[in-house]
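Next comes work-v7.cif, a file with mmCIF, C-alpha atoms.
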data_data
#
loop_
_atom_site.label_atom_id
_atom_site.label_comp_id
_atom_site.auth_asym_id
_atom_site.auth_seq_id
_atom_site.Cartn_x
_atom_site.Cartn_y
_atom_site.Cartn_z
CA MET A 63 90.13 67.74 128.70
CA ARG A 64 88.84 70.91 130.24
CA ILE A 65 91.23 72.91 132.37
CA ASN A 66 89.90 75.20 135.07
CA LYS A 67 91.52 78.56 134.61
CA THR A 68 91.90 81.26 137.20
CA GLN A 69 90.09 84.54 136.73
CA ALA A 70 93.39 86.30 136.03
CA ILE A 71 94.23 83.92 133.18
CA VAL A 72 90.76 84.22 131.69
CA THR A 73 90.92 88.02 131.83
CA ARG A 74 94.33 88.00 130.17
CA GLU A 75 93.09 85.64 127.46
CA TYR A 76 90.11 87.87 126.77
CA SER A 77 92.37 90.92 126.52
CA VAL A 78 94.80 89.23 124.12
CA CYS A 79 91.95 87.89 122.00
CA PHE A 80 90.29 91.27 121.85
CA PHE A 81 93.59 92.86 120.83
CA LEU A 82 94.14 90.22 118.13
CA PHE A 83 90.56 90.65 116.89
CA ILE A 84 91.06 94.40 116.49
CA ALA A 85 94.41 93.78 114.79
CA SER A 86 92.73 91.30 112.42
CA ALA A 87 89.99 93.81 111.61
CA LEU A 88 92.60 96.46 110.86
CA PHE A 89 94.93 94.26 108.84
CA SER A 90 92.13 92.72 106.80
CA HIS A 91 91.59 96.21 105.36
CA LEU A 92 95.25 96.59 104.40
CA ASN A 93 96.88 95.04 101.39
CA ILE A 94 100.14 94.22 103.19
CA PHE A 95 100.92 90.91 101.50
CA ASP A 96 100.41 92.12 97.95
CA ILE A 97 103.20 90.26 96.16
CA ALA A 98 103.17 90.15 92.34
CA GLN A 99 99.92 92.16 92.44
CA THR A 100 97.85 89.09 93.24
CA SER A 101 95.81 91.02 95.84
CA THR A 102 96.01 87.96 98.05
CA ASN A 103 96.05 88.43 101.78
CA PRO A 104 95.80 86.05 104.70
CA ASN A 105 92.48 85.35 106.33
CA TYR A 106 93.35 86.96 109.66
CA PHE A 107 90.08 86.00 111.33
CA LEU A 108 90.50 82.36 110.35
CA ALA A 109 94.01 82.34 111.84
CA LEU A 110 92.64 83.86 115.04
CA MET A 111 89.74 81.42 115.30
CA VAL A 112 92.02 78.42 114.72
CA LEU A 113 94.09 79.69 117.64
CA VAL A 114 90.98 80.24 119.77
CA CYS A 115 89.55 76.80 118.98
CA SER A 116 92.76 74.80 119.34
CA TYR A 117 93.77 76.56 122.58
CA HIS A 118 90.20 76.65 123.96
CA ILE A 119 90.58 80.32 124.73
CA ILE A 120 87.74 82.45 126.12
CA ASN A 121 85.68 79.28 126.89
CA ILE A 122 84.65 79.18 123.29
CA SER A 123 81.29 77.61 122.46
CA LEU A 124 79.22 77.04 119.34
CA ILE A 125 76.96 80.01 119.99
CA LYS A 126 79.92 82.31 120.64
CA LEU A 127 81.61 81.17 117.42
CA PHE A 128 78.41 81.67 115.46
CA ILE A 129 77.99 85.21 116.80
CA ILE A 130 81.67 86.04 116.17
CA GLY A 131 81.23 84.75 112.61
CA ILE A 132 78.25 87.03 112.05
CA ILE A 133 80.18 90.01 113.46
CA VAL A 134 83.13 89.26 111.16
CA ASP A 135 80.78 89.00 108.18
CA VAL A 136 79.03 92.27 108.98
CA PHE A 137 82.37 93.94 109.51
CA ALA A 138 84.42 92.62 106.61
CA GLY A 139 82.78 89.58 105.01
CA GLN A 140 81.32 89.09 101.59
CA LEU A 141 78.38 86.88 102.46
CA LEU A 142 76.32 86.72 105.64
CA GLY A 143 76.91 83.43 107.44
CA GLU A 144 80.12 82.57 105.56
CA HIS A 145 82.48 82.99 108.49
CA GLY A 146 79.95 81.55 110.93
CA PHE A 147 79.93 78.34 108.91
CA ILE A 148 83.73 78.23 108.59
CA PHE A 149 84.27 78.78 112.34
CA LEU A 150 81.69 76.13 113.27
CA LEU A 151 83.32 73.71 110.86
CA ILE A 152 86.83 74.17 112.27
CA PHE A 153 85.48 73.91 115.82
CA PHE A 154 83.78 70.63 114.95
CA ILE A 155 86.87 69.21 113.23
CA GLU A 156 89.10 70.27 116.10
CA HIS A 157 86.81 68.39 118.47
CA LEU A 158 86.76 65.30 116.27
CA TYR A 159 90.55 65.34 116.02
CA LYS A 160 91.12 65.75 119.74
CA LYS A 161 88.51 63.10 120.45
CA TYR A 162 90.04 60.41 118.27
CA VAL A 163 93.75 61.34 118.41
CA HIS A 164 94.40 60.93 122.11
CA VAL A 165 98.13 61.64 122.18
CA LEU A 166 98.69 65.11 120.88
CA ASN A 167 102.39 65.58 120.49
CA TYR A 168 104.18 68.54 118.91
CA ASP A 169 103.88 67.29 115.29
CA GLN A 170 100.27 66.26 115.69
CA ASN A 171 99.43 69.69 117.03
CA HIS A 172 101.05 71.37 114.03
CA PHE A 173 99.25 69.02 111.69
CA LEU A 174 96.00 69.98 113.42
CA TYR A 175 96.66 73.71 112.99
CA PHE A 176 97.54 73.26 109.32
CA SER A 177 94.50 71.04 108.70
CA LEU A 178 92.14 73.51 110.34
CA ILE A 179 93.47 76.40 108.29
CA LEU A 180 93.35 74.34 105.10
CA ILE A 181 89.78 73.16 105.77
CA GLY A 182 88.70 76.72 106.62
CA LEU A 183 90.17 78.07 103.39
CA VAL A 184 88.73 75.23 101.30
CA ALA A 185 85.29 75.90 102.81
CA GLN A 186 85.68 79.59 102.04
CA ALA A 187 86.79 78.83 98.47
CA VAL A 188 83.83 76.50 97.91
CA ILE A 189 81.41 79.13 99.21
CA SER A 190 83.07 81.81 97.07
CA LEU A 191 82.91 79.70 93.93
CA ASN A 192 79.37 78.56 94.66
CA TYR A 193 78.05 82.08 95.06
CA GLU A 194 80.52 83.62 92.56
CA ILE A 195 81.84 86.05 95.15
CA LYS A 196 85.45 86.21 94.06
CA ASP A 197 87.88 84.76 91.61
CA ILE A 198 90.09 82.00 93.03
CA THR A 199 93.11 80.55 91.29
CA ALA A 200 95.46 77.82 92.51
CA LEU A 201 98.24 80.36 93.07
CA LYS A 202 95.99 82.69 95.05
CA PHE A 203 94.75 79.81 97.18
CA LEU A 204 98.28 78.57 97.86
CA LEU A 205 99.48 82.06 98.79
CA GLU A 206 96.48 82.58 101.06
CA LEU A 207 97.20 79.26 102.78
CA ILE A 208 100.87 80.13 103.34
CA TYR A 209 100.06 83.65 104.56
CA THR A 210 97.32 82.45 106.90
CA CYS A 211 99.62 79.82 108.42
CA PHE A 212 102.26 82.51 108.88
CA ILE A 213 99.78 84.83 110.59
CA PHE A 214 98.53 81.98 112.76
CA TYR A 215 102.06 81.35 114.08
CA ILE A 216 102.53 85.07 114.73
CA TYR A 217 99.25 85.16 116.65
CA ARG A 218 100.26 82.01 118.52
CA PHE A 219 103.58 83.56 119.43
CA ILE A 220 101.87 86.74 120.67
CA PHE A 221 99.31 84.72 122.63
CA ASN A 222 101.95 82.53 124.29
CA ARG A 223 104.11 85.53 125.02
CA PHE A 224 101.29 87.43 126.74
CA ASN A 225 99.90 84.39 128.47
CA LEU A 226 103.20 83.19 129.92
CA GLN A 227 104.17 86.54 131.33
CA MET B 133 74.81 45.25 132.63
CA VAL B 134 78.00 47.26 132.25
CA LYS B 135 77.61 47.32 128.49
CA LYS B 136 74.06 48.61 128.81
CA GLN B 137 75.11 51.50 131.03
CA LEU B 138 77.89 52.47 128.65
CA GLY B 139 75.54 52.28 125.71
CA ASP B 140 73.07 54.60 127.36
CA SER B 141 75.59 57.32 128.14
CA LEU B 142 77.72 57.07 124.99
CA ASN B 143 77.81 60.39 123.16
CA LEU B 144 79.87 61.64 120.26
CA PHE B 145 81.40 64.25 122.55
CA ILE B 146 81.72 63.79 126.26
CA GLU B 147 82.11 67.47 127.03
CA ASP B 148 78.80 69.07 127.83
CA ARG B 149 79.59 72.33 126.00
CA PHE B 150 79.40 70.59 122.61
CA SER B 151 75.99 69.72 121.29
CA VAL B 152 75.79 68.02 117.90
CA ILE B 153 72.15 69.05 117.50
CA LEU B 154 73.03 72.67 118.16
CA LEU B 155 75.91 72.41 115.68
CA ILE B 156 73.59 71.06 112.98
CA ILE B 157 70.99 73.76 113.71
CA LEU B 158 73.62 76.51 113.52
CA ILE B 159 75.13 75.13 110.30
CA ILE B 160 71.67 74.97 108.71
CA LEU B 161 71.12 78.53 109.93
CA THR B 162 74.37 79.71 108.28
CA PHE B 163 73.33 78.08 104.98
CA LEU B 164 69.94 79.75 105.23
CA MET B 165 71.61 83.08 105.91
CA MET B 166 73.91 82.67 102.93
CA SER B 167 71.02 81.82 100.62
CA MET B 168 68.92 84.69 101.94
CA ASP B 169 71.85 87.07 101.60
CA VAL B 170 72.49 86.11 97.98
CA ARG B 171 68.83 86.65 97.20
CA PHE B 172 67.96 89.72 99.26
CA LYS B 173 71.41 91.36 99.75
CA ILE B 174 70.90 91.47 103.51
CA LEU B 175 74.58 92.03 104.24
CA LEU B 176 74.77 95.14 102.05
CA GLN B 177 71.71 96.61 103.74
CA THR B 178 72.95 95.65 107.21
CA ARG B 179 76.35 97.15 106.54
CA GLN B 180 74.77 100.42 105.47
CA ILE B 181 72.87 100.57 108.76
CA VAL B 182 75.74 99.31 110.92
CA ALA B 183 78.46 101.45 109.34
CA ILE B 184 79.89 102.56 112.68
CA PRO B 185 82.36 99.66 113.21
CA GLY B 186 84.10 100.22 109.87
CA SER B 187 84.38 103.98 110.06
CA PRO B 188 87.23 104.23 112.64
CA VAL B 189 89.21 101.57 110.76
CA ILE B 190 88.94 103.51 107.50
CA ARG B 191 89.97 106.70 109.28
CA LEU B 192 92.87 104.92 110.93
CA ILE B 193 94.31 103.35 107.77
CA ASN B 194 94.00 106.63 105.86
CA PHE B 195 95.54 108.60 108.71
CA PRO B 196 99.19 108.33 107.48
CA GLN B 197 98.24 109.75 104.06
CA VAL B 198 96.18 112.56 105.62
CA LEU B 199 99.02 113.34 108.00
CA PHE B 200 101.57 113.34 105.16
CA THR B 201 99.41 115.72 103.09
CA GLU B 202 98.92 118.07 106.02
CA ILE B 203 102.62 118.10 106.88
CA SER B 204 103.50 118.68 103.20
CA ASP B 205 101.09 121.64 103.13
CA LEU B 206 102.63 123.08 106.29
CA ALA B 207 106.19 122.58 105.08
CA GLU B 208 105.68 124.48 101.83
CA THR B 209 107.94 127.49 101.61
CA LYS B 210 106.99 130.98 100.51
CA ASN B 211 109.11 130.60 97.36
CA SER B 212 107.37 127.46 96.20
CA LEU B 213 103.97 129.01 96.91
CA ILE B 214 104.85 132.05 94.78
CA LYS B 215 106.01 129.76 91.96
CA SER B 216 102.86 127.66 92.08
CA ASN B 217 100.77 130.85 92.20
CA ILE B 218 102.39 132.11 88.98
CA ALA B 219 101.88 128.71 87.33
CA LEU B 220 98.23 128.66 88.44
CA LYS B 221 97.66 132.18 87.04
CA LYS B 222 99.04 131.06 83.66
CA GLN B 223 96.82 128.00 83.81
CA LEU B 224 93.84 130.20 84.66
CA HIS B 225 94.37 132.29 81.52
CA THR B 226 94.55 129.17 79.35
CA LEU B 227 91.48 127.68 81.00
CA THR B 228 89.51 130.93 80.58
CA VAL B 229 90.07 130.77 76.83
CA GLU B 230 89.18 127.07 76.77
CA ASN B 231 86.09 127.77 78.84
CA GLN B 232 84.85 130.25 76.26
CA LYS B 233 85.24 127.58 73.58
CA LYS B 234 83.49 125.07 75.82
CA ASN B 235 80.58 127.45 76.45
CA PHE B 236 80.12 127.90 72.73
CA ILE B 237 80.21 124.13 72.12
CA GLN B 238 77.84 123.55 75.04
CA SER B 239 75.25 125.98 73.76
CA GLU B 240 75.57 124.46 70.30
CA ASN B 241 75.22 121.01 71.81
CA GLU B 242 72.11 121.99 73.78
CA MET B 243 70.54 123.46 70.69
CA LEU B 244 71.19 120.27 68.72
CA ARG B 245 69.95 118.09 71.56
CA ASN B 246 66.74 120.08 71.76
CA LYS B 247 66.25 119.74 68.04
CA LEU B 248 66.95 116.01 68.10
CA ARG B 249 65.09 115.57 71.43
CA LEU B 250 67.99 113.66 72.96
CA GLN B 251 68.23 112.74 76.63
CA THR B 252 70.36 115.08 78.69
CA PHE B 253 72.42 114.24 81.71
CA ASN B 254 71.89 116.21 84.86
CA GLN B 255 75.32 117.68 85.51
CA LYS B 256 74.33 118.71 89.05
CA GLN B 257 74.31 115.05 90.08
CA ASN B 258 78.03 114.63 89.29
CA GLN B 259 80.62 115.13 91.95
CA ILE B 260 84.35 114.84 92.32
CA ALA B 261 85.67 112.42 94.93
CA GLU B 262 88.86 110.64 95.88
CA ILE B 263 89.71 106.96 96.13
CA ILE B 264 90.99 106.15 99.61
CA LEU B 265 92.01 103.01 101.48
CA PRO B 266 91.09 100.18 101.90
CA SER B 267 91.61 98.83 98.40
CA ILE B 268 91.05 95.28 99.51
CA LYS B 269 88.73 93.65 102.00
CA MET B 270 88.91 89.94 102.80
CA ASN B 271 90.86 89.33 99.58
CA GLN B 272 88.28 91.07 97.45
CA ASN B 273 89.29 94.16 95.52
CA ILE B 274 87.12 97.11 96.40
CA ILE B 275 87.22 100.84 95.77
CA THR B 276 86.60 103.03 98.80
CA ILE B 277 85.53 106.60 98.09
CA ASN B 278 85.67 109.52 100.50
CA LYS B 279 82.06 110.57 99.83
CA GLY B 280 78.91 109.00 101.17
CA LYS B 281 75.31 109.63 102.17
CA ASN B 282 76.22 113.06 103.50
CA ASP B 283 77.24 114.04 99.96
CA ASP B 284 74.13 112.49 98.35
CA VAL B 285 76.01 109.60 96.79
CA GLN B 286 73.64 106.84 95.72
CA ALA B 287 74.16 103.10 95.45
CA GLY B 288 74.49 102.12 91.81
CA ALA B 289 76.32 105.30 90.82
CA LEU B 290 79.08 104.95 88.23
CA ILE B 291 82.58 106.14 88.99
CA VAL B 292 84.67 107.47 86.17
CA ASN B 293 88.12 109.00 85.78
CA GLU B 294 89.79 110.79 82.89
CA LEU B 295 90.50 107.46 81.14
CA GLY B 296 87.04 105.96 81.43
CA LEU B 297 84.82 103.80 83.62
CA VAL B 298 86.34 102.72 86.95
CA GLY B 299 83.50 100.86 88.72
CA GLN B 300 80.11 101.06 90.33
CA ILE B 301 79.13 102.00 93.87
CA GLN B 302 77.52 99.20 95.85
CA ILE B 303 77.35 100.35 99.47
CA VAL B 304 76.96 103.90 100.71
CA PHE B 305 77.93 104.77 104.29
CA GLN B 306 77.63 108.16 105.98
CA ASP B 307 81.05 109.50 104.95
CA THR B 308 82.38 106.85 102.57
CA SER B 309 81.20 104.49 99.86
CA GLU B 310 82.35 101.13 98.57
CA ALA B 311 82.42 100.24 94.90
CA PHE B 312 83.28 97.19 92.88
CA PRO B 313 85.96 97.73 90.24
CA LEU B 314 84.77 96.98 86.72
CA THR B 315 86.81 93.78 86.62
CA SER B 316 84.94 92.39 89.66
CA LYS B 317 82.91 89.24 89.10
CA ARG B 318 79.89 91.08 90.45
CA PHE B 319 80.14 93.80 87.83
CA ALA B 320 78.29 93.92 84.53
CA VAL B 321 77.67 96.87 82.23
CA ALA B 322 75.67 97.43 79.06
CA ALA B 323 78.07 98.45 76.29
CA ILE B 324 78.36 99.07 72.57
CA LEU B 325 81.30 99.18 70.21
CA GLU B 326 82.35 102.74 69.49
CA GLY B 327 80.58 103.82 66.32
CA ASN B 328 78.40 100.72 66.29
CA GLN B 329 74.83 99.93 67.38
CA GLY B 330 74.97 96.34 68.66
CA ASN B 331 74.39 96.19 72.42
CA VAL B 332 76.31 93.73 74.56
CA ILE B 333 76.74 93.07 78.28
CA LEU B 334 80.33 93.10 79.55
CA HIS B 335 81.01 90.95 82.61
CA GLY B 336 83.94 91.23 84.99
CA ASN B 337 85.93 88.04 85.37
CA GLY B 338 88.37 89.05 88.11
CA GLU B 339 91.14 90.41 85.90
CA THR B 340 89.50 91.73 82.73
CA LEU B 341 86.04 92.12 81.22
CA ASN B 342 84.57 89.63 78.82
CA ILE B 343 81.64 88.73 76.62
CA PRO B 344 81.29 84.99 77.28
CA TYR B 345 79.32 84.25 74.11
CA SER B 346 79.57 86.64 71.19
CA PRO B 347 78.08 85.43 67.86
CA ILE B 348 80.84 84.83 65.31
CA GLN B 349 79.06 87.00 62.72
CA GLU B 350 79.57 90.05 64.97
CA LYS B 351 82.41 92.08 63.51
CA ILE B 352 84.68 92.57 66.51
CA ASP B 353 88.42 92.99 66.04
CA ILE B 354 91.33 93.34 68.41
CA GLY B 355 91.73 97.00 69.36
CA ASP B 356 88.01 97.85 69.07
CA ILE B 357 86.80 100.11 71.85
CA PHE B 358 83.72 99.49 73.98
CA VAL B 359 81.78 102.37 75.51
CA THR B 360 78.72 102.48 77.77
CA SER B 361 75.52 102.13 75.77
CA GLY B 362 73.25 104.08 78.10
CA LEU B 363 70.68 101.38 77.38
CA ALA B 364 69.12 101.37 80.83
CA GLN B 365 68.82 105.18 80.60
CA LEU B 366 70.53 105.44 83.97
CA TYR B 367 73.98 106.53 82.87
CA PRO B 368 75.30 108.58 79.99
CA LYS B 369 76.18 106.93 76.73
CA GLY B 370 79.77 106.95 75.51
CA ILE B 371 81.89 106.52 78.64
CA LYS B 372 84.97 104.54 77.60
CA ILE B 373 85.24 101.07 79.12
CA GLY B 374 88.09 99.21 77.44
CA SER B 375 89.49 97.75 74.25
CA VAL B 376 89.34 94.24 72.83
CA THR B 377 92.63 92.47 73.52
CA ASN B 378 91.78 88.86 72.72
CA ILE B 379 89.20 86.81 70.87
CA LEU B 380 88.95 83.21 72.01
CA SER B 381 87.00 80.34 70.50
CA THR B 382 84.46 78.57 72.70
CA SER B 383 83.22 74.97 72.80
CA ASP B 384 80.30 76.14 70.67
CA LYS B 385 81.61 77.06 67.21
CA GLN B 386 78.85 79.63 66.75
CA PHE B 387 80.27 81.84 69.47
CA ASN B 388 83.52 83.54 70.44
CA GLN B 389 84.64 84.79 73.82
CA ILE B 390 85.72 88.41 73.69
CA ILE B 391 88.26 89.66 76.23
CA VAL B 392 88.16 93.38 76.93
CA THR B 393 90.95 95.05 78.90
CA PRO B 394 89.76 98.13 80.79
CA PHE B 395 91.44 101.50 80.23
CA THR B 396 91.40 102.40 83.90
CA ARG B 397 92.88 101.17 87.13
CA SER B 398 91.51 102.17 90.49
CA LEU B 399 94.59 103.86 91.90
CA THR B 400 94.40 104.79 95.56
CA PHE B 401 94.37 108.53 96.31
CA SER B 402 93.41 109.41 92.74
CA GLN B 403 90.52 111.67 91.75
CA ILE B 404 87.33 110.27 90.25
CA MET B 405 83.91 111.54 89.27
CA ILE B 406 80.68 110.03 90.58
CA PHE B 407 77.71 109.81 88.19
CA ASN B 408 74.56 109.36 90.24
CA PRO B 409 71.82 107.53 88.34
CA GLN B 410 69.39 110.46 88.00
CA TYR B 411 68.45 111.92 84.68
CA GLU B 412 66.00 114.33 83.28
CA ASN B 413 64.37 114.21 79.89
#

Take the structure in the file and give it back as structure tokens.
Amino acid sequence: MRINKTQAIVTREYSVCFFLFIASALFSHLNIFDIAQTSTNPNYFLALMVLVCSYHIINISLIKLFIIGIIVDVFAGQLLGEHGFIFLLIFFIEHLYKKYVHVLNYDQNHFLYFSLILIGLVAQAVISLNYEIKDITALKFLLELIYTCFIFYIYRFIFNRFNLQ
Amino acid sequence: MVKKQLGDSLNLFIEDRFSVILLIILIILTFLMMSMDVRFKILLQTRQIVAIPGSPVIRLINFPQVLFTEISDLAETKNSLIKSNIALKKQLHTLTVENQKKNFIQSENEMLRNKLRLQTFNQKQNQIAEIILPSIKMNQNIITINKGKNDDVQAGALIVNELGLVGQIQIVFQDTSEAFPLTSKRFAVAAILEGNQGNVILHGNGETLNIPYSPIQEKIDIGDIFVTSGLAQLYPKGIKIGSVTNILSTSDKQFNQIIVTPFTRSLTFSQIMIFNPQYEN
């Protein structure tokens, strides 16, 4: 269901998203979560896009997601089109889920967030293995999933906090 | 009648902002872009042109270290400066003597090289640089160096420290460069065993280097040292790479897998030397 938002809400959403995008760009260059020297960090942009897609922020559309994906790839990606594909995929799955699961309660919403992050990371891992971009182990994948979920909930908290004020 | 009307307007998604055809087109486009990028390295070239977005981020994340260094310099007392001055003078005397020895060896070396007609490395193309942050980008280990196009750094240049080979530069921006560490999956280097003639290619596997298929008749033992072979005549021969730490059997009994552990680690804020791939005969 599409909700008509006032101009003030839209502006605030854009501001928060822009702030989170810049934060993601900055943090993706920092090795903050380096535990046991695994060099594994969350996928900040994936966490942000899951938030954007599931909350329908900034009137997100396929073209916008595609362009954002290209920007992310140019800025910090390893393969051109990788993030574009991942973002389009999570957008599509989010739509499918909301289309066929009519009653979205608290647990279902959390399942959706987790599924989207998992699918995004699996897609990224498949692309990485296919094009031999980086080495992926089960431990690294699991850590990345946990970290990305953690970052997603931080982003969600920040978004709700700013949006409710 | 009702059924017919429903059938005509039934779509996968009711909302007008979602078009399945557009989704399929965009997904095909992303696959095309990925394939093209793998083949033509479009992203590397694009990133070199569009280096502006990354530059402030790199400056920002290195700012604390720069600030710390500057404050440390300012906070140095007169006493400590005098002490370091005395220590540096002593070091200068020692280095002057060593330099005389080096000059003698260098002239001897040049003479021998001329007689043997060996390839010489253009020392003017070397330059000292420093490894800065970021050390990781989207979960991929990278080495960022504080020299770029402005300092005539070239893509493909080797980076070396006092222990041996550190990696190879892939992207050169205006002020910085990005390199893959030698353990990266995208890294491969022509090597030989120290004191041996057999050429091999060492591949990064994420954590170490390896030779996936080494013939069993090759005499390689644990502890043997690999150095650059200089086979492509781009880089000098004899830069230390790593030592053999494990020899594993493969599914094919005719071959072994050789695991080589590198001597170096790309420590942030450490000094390195860049070897640009330019030589003279």

Check your understanding: Which polymer residues have any atom within 7 Å of an atom of Ala289 in chain B, counting all atoms listed in the file, with same-chain residues fewer than 2 positions away left out, as a PyMOL selection string?
Key -> chain B and resi 286-287+291+300-301+406-409

**Study point:** Proximity to chain A - best of B:Phe200, B:Phe312, B:Phe236, B:Tyr345, all atoms listed in the file
**Key:**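 Under the stated criterion, the closest residue is B:Phe312.
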
Exercise for review: Please determine the contact residues of chain B with respect to chain A at a cut-off of 6 Å, counting only C-alpha atoms, and supply them as a PyMOL selection string.
Suggested key: chain B and resi 159+162+165-166+175+266+268-271+338

Review point. So which residues get picked by the PyMOL selection byres ((chain B and resi 369-377) around 6) here, written as an NGL selection string?
Key: :B and (296-297 or 354-362 or 368 or 378 or 391-395)

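Separating CA of Ser167 in chain B from CA of Thr340 in chain B is a distance of 27.6 Å.
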
Exercise for review: Run the PyMOL selection byres ((chain B and resi 313) around 7) against the file shown and list the residues it catches, as a PyMOL selection string.
Suggested key: chain B and resi 274-275+298-300+311-312+314-316

Exercise for review: Do a neighbour search on Tyr76 in chain A at 10 Å with all atoms listed in the file, toss out local chain neighbours closer than 5 positions, and write the hits as a PyMOL selection string.
Suggested key: chain A and resi 70-71+81-82+119-121

Review point. Please, what distance in Å, to one decimal, runs between CA of Phe95 in chain A and CA of Leu205 in chain A?
Key: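 Value for the CA of Phe95 in chain A-CA of Leu205 in chain A distance: 9.4 Å.
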
Would you translate the PyMOL selection byres ((chain A and resi 207) around 12) into the concrete set of residues it matches in this file, as an mmCIF file with C-alpha atoms, in the frame of the given file?
data_model
loop_
_atom_site.group_PDB
_atom_site.id
_atom_site.type_symbol
_atom_site.label_atom_id
_atom_site.label_comp_id
_atom_site.auth_asym_id
_atom_site.auth_seq_id
_atom_site.Cartn_x
_atom_site.Cartn_y
_atom_site.Cartn_z
ATOM 1 C CA THR A 102 96.010 87.960 98.050
ATOM 2 C CA ASN A 103 96.050 88.430 101.780
ATOM 3 C CA PRO A 104 95.800 86.050 104.700
ATOM 4 C CA ASN A 105 92.480 85.350 106.330
ATOM 5 C CA TYR A 106 93.350 86.960 109.660
ATOM 6 C CA LEU A 108 90.500 82.360 110.350
ATOM 7 C CA ALA A 109 94.010 82.340 111.840
ATOM 8 C CA TYR A 175 96.660 73.710 112.990
ATOM 9 C CA PHE A 176 97.540 73.260 109.320
ATOM 10 C CA SER A 177 94.500 71.040 108.700
ATOM 11 C CA LEU A 178 92.140 73.510 110.340
ATOM 12 C CA ILE A 179 93.470 76.400 108.290
ATOM 13 C CA LEU A 180 93.350 74.340 105.100
ATOM 14 C CA ILE A 181 89.780 73.160 105.770
ATOM 15 C CA GLY A 182 88.700 76.720 106.620
ATOM 16 C CA LEU A 183 90.170 78.070 103.390
ATOM 17 C CA VAL A 184 88.730 75.230 101.300
ATOM 18 C CA GLN A 186 85.680 79.590 102.040
ATOM 19 C CA ALA A 187 86.790 78.830 98.470
ATOM 20 C CA ALA A 200 95.460 77.820 92.510
ATOM 21 C CA LEU A 201 98.240 80.360 93.070
ATOM 22 C CA LYS A 202 95.990 82.690 95.050
ATOM 23 C CA PHE A 203 94.750 79.810 97.180
ATOM 24 C CA LEU A 204 98.280 78.570 97.860
ATOM 25 C CA LEU A 205 99.480 82.060 98.790
ATOM 26 C CA GLU A 206 96.480 82.580 101.060
ATOM 27 C CA ILE A 208 100.870 80.130 103.340
ATOM 28 C CA TYR A 209 100.060 83.650 104.560
ATOM 29 C CA THR A 210 97.320 82.450 106.900
ATOM 30 C CA CYS A 211 99.620 79.820 108.420
ATOM 31 C CA PHE A 212 102.260 82.510 108.880
ATOM 32 C CA ILE A 213 99.780 84.830 110.590
ATOM 33 C CA PHE A 214 98.530 81.980 112.760
#

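Comparing the minimum interatomic distances between Glu326 in chain B and each of B:Leu363, B:Ile352, B:Leu399, B:Val170, counting only C-alpha atoms, we find that B:Ile352 sits nearest.
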
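Across B:Leu295, B:Leu341, B:Met405, B:Ile174, the tightest approach to Arg318 in chain B is made by B:Leu341 when counting all atoms listed in the file.
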
Review point. CA of Gly280 in chain B to CA of Val292 in chain B: how many Å, to one decimal?
Key: 16.1 Å

Around all of range 186-189 of chain A's listed atoms, make the axis-aligned box with 5 Å on each side and tell me centre and edge lengths in Å to one decimal, as lines of an AutoDock Vina configuration file.
center_x = 84.1
center_y = 78.0
center_z = 100.0
size_x = 15.4
size_y = 13.1
size_z = 14.1
